[in-house]
>>> print(open('protein02.cif').read())   # mmCIF, C-alpha atoms and all ligand atoms
data_query
#
loop_
_atom_site.label_atom_id
_atom_site.label_comp_id
_atom_site.auth_asym_id
_atom_site.auth_seq_id
_atom_site.Cartn_x
_atom_site.Cartn_y
_atom_site.Cartn_z
CA MET A 1 0.00 0.00 0.00
CA ILE A 2 1.40 3.37 -1.02
CA VAL A 3 0.88 6.14 1.57
CA LEU A 4 0.24 9.61 0.09
CA LYS A 5 1.42 12.46 2.34
CA ASN A 6 -0.89 15.37 3.16
CA GLU A 7 0.34 18.98 3.33
CA ARG A 8 1.19 18.71 7.01
CA ASP A 9 3.21 15.52 6.58
CA GLN A 10 4.91 17.06 3.55
CA ASP A 11 6.03 19.99 5.72
CA CYS A 12 7.41 17.59 8.33
CA MET A 13 9.20 15.64 5.63
CA ARG A 14 10.73 18.89 4.32
CA ALA A 15 12.06 19.49 7.83
CA ALA A 16 13.28 15.91 8.32
CA GLY A 17 14.86 16.04 4.87
CA ALA A 18 16.58 19.35 5.55
CA ILE A 19 18.01 18.00 8.81
CA ALA A 20 19.19 14.74 7.22
CA ALA A 21 20.85 16.70 4.40
CA THR A 22 22.48 19.13 6.81
CA VAL A 23 23.85 16.32 8.97
CA LEU A 24 25.16 14.55 5.86
CA ASP A 25 26.94 17.76 4.81
CA GLU A 26 28.41 18.16 8.27
CA VAL A 27 29.56 14.54 8.37
CA CYS A 28 31.21 14.89 4.95
CA THR A 29 33.31 17.81 6.19
CA PHE A 30 34.29 15.75 9.26
CA VAL A 31 35.66 12.85 7.19
CA ALA A 32 39.46 13.15 6.91
CA PRO A 33 42.49 10.84 6.82
CA GLY A 34 43.01 9.14 10.21
CA VAL A 35 39.45 9.52 11.48
CA THR A 36 37.87 6.22 12.60
CA THR A 37 34.43 5.20 11.44
CA LYS A 38 33.44 5.18 15.14
CA ASP A 39 34.47 8.86 15.31
CA ILE A 40 32.25 9.54 12.29
CA ASP A 41 29.33 7.74 13.96
CA ALA A 42 29.77 9.70 17.20
CA PHE A 43 29.99 12.98 15.27
CA ALA A 44 26.81 12.14 13.31
CA ALA A 45 25.01 11.24 16.56
CA SER A 46 25.90 14.61 18.07
CA ARG A 47 24.82 16.56 14.97
CA ILE A 48 21.50 14.68 14.71
CA LYS A 49 20.83 15.51 18.35
CA HIS A 50 21.89 19.12 17.87
CA HIS A 51 19.19 19.51 15.21
CA GLY A 52 16.53 18.01 17.50
CA ALA A 53 16.16 14.81 15.48
CA ARG A 54 16.73 11.11 16.10
CA SER A 55 18.57 8.51 14.00
CA ALA A 56 16.14 6.46 11.94
CA PHE A 57 18.73 3.67 11.63
CA LEU A 58 19.85 3.04 15.22
CA GLY A 59 17.84 0.04 16.41
CA TYR A 60 16.16 -0.52 13.04
CA ARG A 61 16.19 -4.34 12.80
CA LYS A 62 18.83 -4.05 15.55
CA TYR A 63 21.17 -1.95 13.39
CA PRO A 64 23.77 -0.76 15.92
CA CYS A 65 24.92 2.60 14.43
CA HIS A 66 23.58 6.11 13.87
CA LEU A 67 24.40 6.17 10.15
CA CYS A 68 25.73 3.74 7.54
CA ILE A 69 29.43 4.11 6.67
CA SER A 70 30.64 1.96 3.78
CA VAL A 71 34.27 2.17 2.62
CA ASN A 72 35.61 1.31 -0.88
CA GLU A 73 34.23 -2.15 -1.86
CA GLU A 74 31.58 -1.87 0.86
CA VAL A 75 28.29 -1.09 -0.87
CA VAL A 76 25.85 -0.20 1.94
CA HIS A 77 25.08 -0.82 5.64
CA GLY A 78 28.73 -0.67 6.78
CA LEU A 79 29.22 -0.62 10.56
CA ALA A 80 31.25 1.86 12.59
CA ASN A 81 34.41 0.38 14.14
CA GLN A 82 38.08 1.19 14.84
CA ARG A 83 38.98 1.40 11.13
CA ARG A 84 40.76 4.63 10.20
CA VAL A 85 39.83 6.00 6.79
CA GLN A 86 42.83 6.84 4.64
CA PHE A 87 43.73 9.21 1.85
CA GLY A 88 42.43 7.58 -1.35
CA ASP A 89 39.48 5.77 0.25
CA ILE A 90 35.94 6.49 -0.88
CA VAL A 91 33.33 6.54 1.86
CA SER A 92 29.57 6.15 1.38
CA LEU A 93 27.62 7.92 4.11
CA ASP A 94 23.88 7.29 4.54
CA VAL A 95 21.90 9.41 7.00
CA GLY A 96 18.28 8.86 8.04
CA VAL A 97 16.52 10.88 10.71
CA TYR A 98 13.14 11.07 12.35
CA TYR A 99 11.77 14.54 12.96
CA HIS A 100 8.19 15.01 14.24
CA GLY A 101 7.52 11.41 13.28
CA LEU A 102 8.65 11.60 9.67
CA ILE A 103 11.86 10.47 8.00
CA GLY A 104 14.44 12.03 5.70
CA ASP A 105 16.87 9.56 4.07
CA THR A 106 19.91 10.67 2.06
CA ALA A 107 23.33 9.33 1.09
CA ARG A 108 26.50 10.42 -0.70
CA THR A 109 29.92 8.97 -1.46
CA VAL A 110 32.98 11.16 -0.86
CA ALA A 111 36.70 10.72 -1.36
CA VAL A 112 39.04 11.00 1.61
CA GLY A 113 41.39 13.71 0.37
CA GLY A 114 41.59 12.30 -3.16
CA CYS A 115 40.96 9.04 -4.97
CA SER A 116 41.72 7.08 -8.13
CA PRO A 117 40.34 8.22 -11.50
CA LEU A 118 38.16 5.08 -11.53
CA ALA A 119 36.62 5.90 -8.15
CA GLN A 120 36.18 9.53 -9.23
CA LYS A 121 34.26 8.47 -12.33
CA LEU A 122 32.23 5.95 -10.30
CA MET A 123 31.09 8.66 -7.88
CA ALA A 124 30.27 11.11 -10.69
CA VAL A 125 28.27 8.51 -12.65
CA THR A 126 26.35 7.36 -9.55
CA GLU A 127 25.44 10.92 -8.59
CA ARG A 128 24.33 11.75 -12.12
CA ALA A 129 22.35 8.47 -12.25
CA LEU A 130 20.44 9.64 -9.17
CA TYR A 131 19.47 12.86 -10.97
CA GLU A 132 18.55 10.95 -14.15
CA GLY A 133 16.17 8.95 -11.93
CA ILE A 134 14.80 12.03 -10.17
CA ALA A 135 14.09 13.64 -13.56
CA GLN A 136 11.62 10.81 -14.21
CA ALA A 137 9.94 11.17 -10.80
CA VAL A 138 6.91 13.01 -12.18
CA SER A 139 3.20 12.40 -11.80
CA GLY A 140 1.88 10.08 -14.52
CA ASN A 141 5.18 8.22 -15.01
CA ARG A 142 5.68 4.81 -13.45
CA VAL A 143 8.31 3.75 -10.91
CA GLN A 144 9.91 1.78 -13.70
CA ASP A 145 10.67 5.01 -15.61
CA ILE A 146 12.94 5.97 -12.70
CA SER A 147 14.55 2.52 -12.67
CA ARG A 148 15.15 2.53 -16.41
CA ALA A 149 16.75 5.98 -16.45
CA ILE A 150 19.17 4.99 -13.68
CA GLN A 151 20.11 1.64 -15.22
CA GLN A 152 20.61 3.05 -18.71
CA TYR A 153 22.84 5.86 -17.52
CA VAL A 154 24.96 3.57 -15.32
CA GLU A 155 25.40 0.85 -17.91
CA ALA A 156 26.13 3.33 -20.71
CA ASN A 157 29.07 4.38 -18.54
CA GLY A 158 30.36 0.82 -18.09
CA PHE A 159 29.31 0.25 -14.48
CA SER A 160 26.68 -2.05 -12.89
CA VAL A 161 23.69 -1.48 -10.65
CA VAL A 162 23.23 -3.57 -7.52
CA ARG A 163 20.04 -5.66 -7.67
CA GLU A 164 19.63 -6.92 -4.10
CA PHE A 165 18.98 -3.50 -2.55
CA VAL A 166 16.54 -0.93 -3.87
CA GLY A 167 15.06 2.51 -3.26
CA HIS A 168 11.71 2.74 -1.49
CA GLY A 169 8.77 4.79 -0.37
CA VAL A 170 9.55 6.62 2.87
CA GLY A 171 7.51 8.51 5.44
CA ARG A 172 6.48 7.49 8.96
CA THR A 173 8.42 4.28 8.38
CA MET A 174 11.73 3.92 6.60
CA HIS A 175 10.77 1.35 4.01
CA GLU A 176 7.30 1.80 2.55
CA ASP A 177 5.82 0.77 -0.77
CA PRO A 178 6.68 1.04 -3.55
CA GLN A 179 10.11 -0.50 -4.04
CA VAL A 180 12.23 1.61 -6.41
CA PRO A 181 14.73 -0.74 -8.10
CA ASN A 182 17.72 0.70 -9.90
CA TYR A 183 17.12 -1.67 -12.83
CA VAL A 184 14.12 -2.75 -14.90
CA ASP A 185 12.75 -5.92 -13.34
CA GLY A 186 9.96 -6.44 -15.86
CA LYS A 187 7.20 -6.33 -13.23
CA LYS A 188 4.37 -3.84 -13.65
CA SER A 189 5.20 -0.91 -11.42
CA ALA A 190 3.05 1.69 -9.70
CA ARG A 191 2.08 4.97 -11.32
CA LEU A 192 3.55 8.05 -9.64
CA ARG A 193 1.07 10.44 -7.99
CA PRO A 194 1.39 13.78 -6.19
CA GLY A 195 1.98 13.25 -2.47
CA MET A 196 4.15 10.15 -2.92
CA THR A 197 7.56 10.37 -1.23
CA LEU A 198 10.35 8.16 -2.56
CA ALA A 199 13.92 7.47 -1.53
CA ILE A 200 15.74 7.08 -4.85
CA GLU A 201 19.16 5.54 -4.28
CA PRO A 202 21.38 4.03 -6.96
CA MET A 203 24.07 1.70 -5.59
CA VAL A 204 26.64 1.30 -8.36
CA ASN A 205 29.57 -1.11 -8.62
CA ALA A 206 32.66 -0.39 -10.68
CA GLY A 207 32.89 -4.08 -11.61
CA SER A 208 30.22 -6.76 -11.50
CA ALA A 209 26.84 -6.21 -9.83
CA ALA A 210 27.27 -9.19 -7.50
CA VAL A 211 27.30 -8.49 -3.75
CA ARG A 212 27.49 -10.49 -0.54
CA VAL A 213 26.93 -9.76 3.14
CA LEU A 214 29.85 -10.04 5.58
CA ASN A 215 29.72 -12.19 8.72
CA ASP A 216 28.76 -9.15 10.82
CA GLY A 217 25.31 -9.66 9.29
CA TRP A 218 25.15 -6.11 7.87
CA THR A 219 28.03 -4.94 5.71
CA VAL A 220 27.27 -5.48 2.02
CA VAL A 221 30.38 -5.72 -0.20
CA SER A 222 31.03 -6.16 -3.91
CA GLN A 223 32.00 -9.77 -4.60
CA ASP A 224 34.89 -8.75 -6.86
CA GLY A 225 36.30 -6.30 -4.32
CA LEU A 226 36.03 -3.33 -6.69
CA PRO A 227 34.70 -0.03 -5.33
CA SER A 228 31.03 0.86 -5.03
CA ALA A 229 29.21 4.20 -4.70
CA HIS A 230 25.80 5.23 -3.34
CA PHE A 231 23.82 8.46 -3.71
CA GLU A 232 20.31 8.97 -2.33
CA HIS A 233 17.66 11.67 -2.04
CA THR A 234 14.17 11.67 -0.60
CA VAL A 235 11.89 13.15 -3.26
CA LEU A 236 8.26 14.38 -3.21
CA ILE A 237 6.14 13.77 -6.32
CA THR A 238 4.16 16.94 -7.08
CA GLU A 239 1.82 18.21 -9.81
CA ALA A 240 4.91 19.70 -11.43
CA GLU A 241 8.64 19.15 -10.92
CA PRO A 242 9.85 16.60 -8.35
CA GLU A 243 10.82 18.28 -5.08
CA ILE A 244 14.06 17.07 -3.50
CA LEU A 245 13.35 17.07 0.24
CA THR A 246 16.88 16.24 1.37
CA CYS A 247 18.27 19.70 0.58
CA CYS A 248 20.12 21.65 3.23
CA ASP A 249 20.01 25.10 1.62
CA ARG A 250 16.68 25.94 3.21
CA ILE A 251 16.98 24.34 6.63
CA ALA A 252 16.21 27.61 8.45
CA SER A 253 12.93 28.25 6.63
CA VAL A 254 11.60 24.69 6.72
CA LEU A 255 12.41 24.32 10.41
CA ARG A 256 10.57 27.58 11.11
CA ALA A 257 7.50 26.26 9.27
CA SER A 258 7.47 22.83 10.92
N1 LIG B 301 19.40 4.00 4.75
C1 LIG B 301 19.15 2.74 4.19
C2 LIG B 301 18.25 3.01 3.04
O1 LIG B 301 18.54 3.95 2.36
C3 LIG B 301 18.58 1.79 5.19
C4 LIG B 301 19.51 1.55 6.28
S1 LIG B 301 18.87 0.28 7.23
C5 LIG B 301 19.92 0.20 8.51
O2 LIG B 301 17.26 2.40 2.78
F1 LIG B 301 19.41 -0.65 9.30
F2 LIG B 301 21.11 -0.15 8.05
F3 LIG B 301 20.03 1.35 9.07
CO CO B 302 19.51 5.73 3.11
CO CO B 303 16.87 4.64 1.57
#
>>> encode(input="protein02.cif", output="structure tokens")
Amino acid sequence: MIVLKNERDQDCMRAAGAIAATVLDEVCTFVAPGVTTKDIDAFAASRIKHHGARSAFLGYRKYPCHLCISVNEEVVHGLANQRRVQFGDIVSLDVGVYYHGLIGDTARTVAVGGCSPLAQKLMAVTERALYEGIAQAVSGNRVQDISRAIQQYVEANGFSVVREFVGHGVGRTMHEDPQVPNYVDGKKSARLRPGMTLAIEPMVNAGSAAVRVLNDGWTVVSQDGLPSAHFEHTVLITEAEPEILTCCDRIASVLRAS
């Protein structure tokens, strides 16, 4: 069942989205050579609290961290530990927060200082694939139009989309209908309507699409050990252009209104 959000819920999602985006920005500036992923988690926890929100991930299916931190060949759901990130690593950061009962969910991959040309291209293609998907997130299209745009852009650039994890509806719970795959699965998909809120989130591997889960039960890695990138926005379907809710440029005004 797809939950349409009324005006009031949309305002709360703008606020949750603005906070998630702001925390993600803050976390990205904190990431530097020598910082442990535990340090990053603690910093994110303090920023989420500072903004009056709560992590949507901590405790979700017993997930033990405040955000997901996935390094290099780690795709998603990486756990914070004593690992120190190094110059040349790429780090995927995924932030989800509850604010007034609604969720904002957003992710980005950043280089620690600098990275290889391959990783650079991987990040650029994944980010652009997200926007190719968002461009299709208009009323009257189907979910599959988003999926197709992402897959085509990624594959035209020689990379692969992960199949086992997908985007999703988001609102009062983190994973709502519909699923938003980053590839065309051939199933009939839902038509997009104003008031729908979707987390669109391509996960892109530099090599093959195959992934596996480590023994910690969470960390998803590429099977071939090549790097992976992840970009995500929470988006509101409107009568006109899609509205990206996980934007931090207007945090002051949306917080005032919420
Ligand atoms: N943020 C992820 C997503 O985009 C979900 C993380 S689940 C957690 O859907 F348990 F790892 F937090
Ligand atoms: Co996320
Ligand atoms: Co998500």
>>> residues_around(input="protein02.cif", residues="range 129-137 of chain A", least_positions_apart="4", cutoff="6 Å", atoms="only C-alpha atoms", output="PyMOL selection string")
chain A and resi 125+146+149-150+153+242
>>> residues_near_ligand(input="protein02.cif", ligand="ligand CO 303 (chain B)", cutoff="12 Å", atoms="only C-alpha atoms and all ligand atoms", output="MDAnalysis selection string")
chainID A and resid 20 56:57 67:68 76:77 93:97 103:108 165:171 173:181 197:203 230:235 246
>>> closest_residue(input="protein02.cif", among="A:Val110, A:Ile48, A:Ala156, A:Ile40", to="Ala21 in chain A", atoms="all atoms listed in the file")
A:Ile48
>>> atom_distance(input="protein02.cif", atom1="CA of Arg193 in chain A", atom2="CA of Ser139 in chain A")
4.8 Å
>>> residues_around(input="protein02.cif", residues="range 184-191 of chain A", least_positions_apart="3", cutoff="8 Å", atoms="all atoms listed in the file", output="VMD selection string")
chain A and resid 139 to 144 147 to 148 151 178 181
>>> atom_distance(input="protein02.cif", atom1="CA of Thr36 in chain A", atom2="CA of Val85 in chain A")
6.1 Å
>>> closest_residue(input="protein02.cif", among="A:Met1, A:Leu255, A:Ala206, A:Cys28", to="Pro117 in chain A", atoms="only C-alpha atoms")
A:Ala206
>>> residues_around(input="protein02.cif", residues="Ala32 in chain A", least_positions_apart="5", cutoff="8 Å", atoms="only C-alpha atoms", output="list in words")
Val85, Gln86, Phe87, Val112 and Gly113 of chain A
>>> write_last_selection(input="protein02.cif", atoms="C-alpha atoms", output="PDB file, in the coordinates of the input")
ATOM      1  CA  VAL A  85      39.830   6.000   6.790  1.00  0.00           C
ATOM      2  CA  GLN A  86      42.830   6.840   4.640  1.00  0.00           C
ATOM      3  CA  PHE A  87      43.730   9.210   1.850  1.00  0.00           C
ATOM      4  CA  VAL A 112      39.040  11.000   1.610  1.00  0.00           C
ATOM      5  CA  GLY A 113      41.390  13.710   0.370  1.00  0.00           C
TER       6      GLY A 113
END
>>> atom_distance(input="protein02.cif", atom1="CA of Glu241 in chain A", atom2="CA of Val138 in chain A")
6.5 Å
>>> closest_residue(input="protein02.cif", among="A:Leu118, A:Ala42, A:Ala16, A:Val213", to="Leu102 in chain A", atoms="all atoms listed in the file")
A:Ala16
>>> closest_residue(input="protein02.cif", among="A:Glu239, A:Glu7, A:Glu74, A:Asp39", to="Val220 in chain A", atoms="only C-alpha atoms")
A:Glu74
